[in-house]
Amino acid sequence: MRLRRRSNTEILSALDKALDSVLGPVVRRVIYVEVEQVFGVKRIDIPDEPDKFVQVLRMIFGVASSVLERVLAGEVAENLGLACDKMTLKDVFLRAKGEQ
């Protein structure tokens with residue numbers, strides 16, 4: 001069964017919802033600012049640069065980032081209607097883009 005490719009906009013909408021649900025909109029905005037300031041990756045490009053997004057989570061949340069990443073991966077997958085049990089956030093992005 002072939003999955004429908006999602007656009008970066010669709011993936012980001014799902015990520016926004018997940019971040020808002022887990023951390024709130026203020027923290028979501030802080031994370032996006034950090035990704036851009038630290039790595040020069042704009043919000044729209046995060047699905048193409050998931051490793052950098054995860055690095056920022058690790059910088060901000062330290063050891064708790066591994067739990068946060070799993071929770072966000074599940075939320076993003078659910079928001080996109082994907083079955084991605086026990087996948088990393090990067091893997092969810094790749095699956096949503098049809099690259100995995």
# chains A, B, ... in the order shown; residues from 1 in each chain; ligands from 1

call {"tool": "residues_around", "arguments": {"residues": "stretch 41-48 of chain A", "least_positions_apart": "2", "cutoff": "9 Å", "atoms": "only C-alpha atoms", "output": "short mmCIF file (atom, residue, chain, number, x, y, z; two decimals) with C-alpha atoms, in the first residue's frame"}}
result
data_model
loop_
_atom_site.label_atom_id
_atom_site.label_comp_id
_atom_site.auth_asym_id
_atom_site.auth_seq_id
_atom_site.Cartn_x
_atom_site.Cartn_y
_atom_site.Cartn_z
CA SER A 7 3.69 18.61 1.95
CA ASN A 8 5.93 20.43 4.40
CA THR A 9 2.94 22.63 5.23
CA ILE A 11 3.67 18.13 8.27
CA LEU A 12 4.27 21.45 10.04
CA TYR A 32 11.23 27.37 16.00
CA VAL A 33 13.25 30.52 16.74
CA VAL A 35 16.14 26.11 15.09
CA GLU A 36 16.48 29.15 12.86
CA GLN A 37 19.03 30.96 15.05
CA VAL A 38 21.25 27.94 15.73
CA PHE A 39 21.08 26.17 12.36
CA PRO A 50 14.57 16.81 11.10
CA ASP A 51 17.99 16.08 12.63
CA LYS A 52 18.53 19.77 13.33
CA PHE A 53 15.08 20.08 14.89
CA LYS A 90 12.72 11.94 11.80
CA PHE A 93 8.70 13.07 8.79
CA LEU A 94 10.30 10.78 6.20
CA LYS A 97 7.03 12.79 2.84
#

call {"tool": "closest_residue", "arguments": {"among": "A:Glu10, A:Val54, A:Asp91, A:Glu99", "to": "A:Leu68", "atoms": "only C-alpha atoms"}}
result
A:Val54
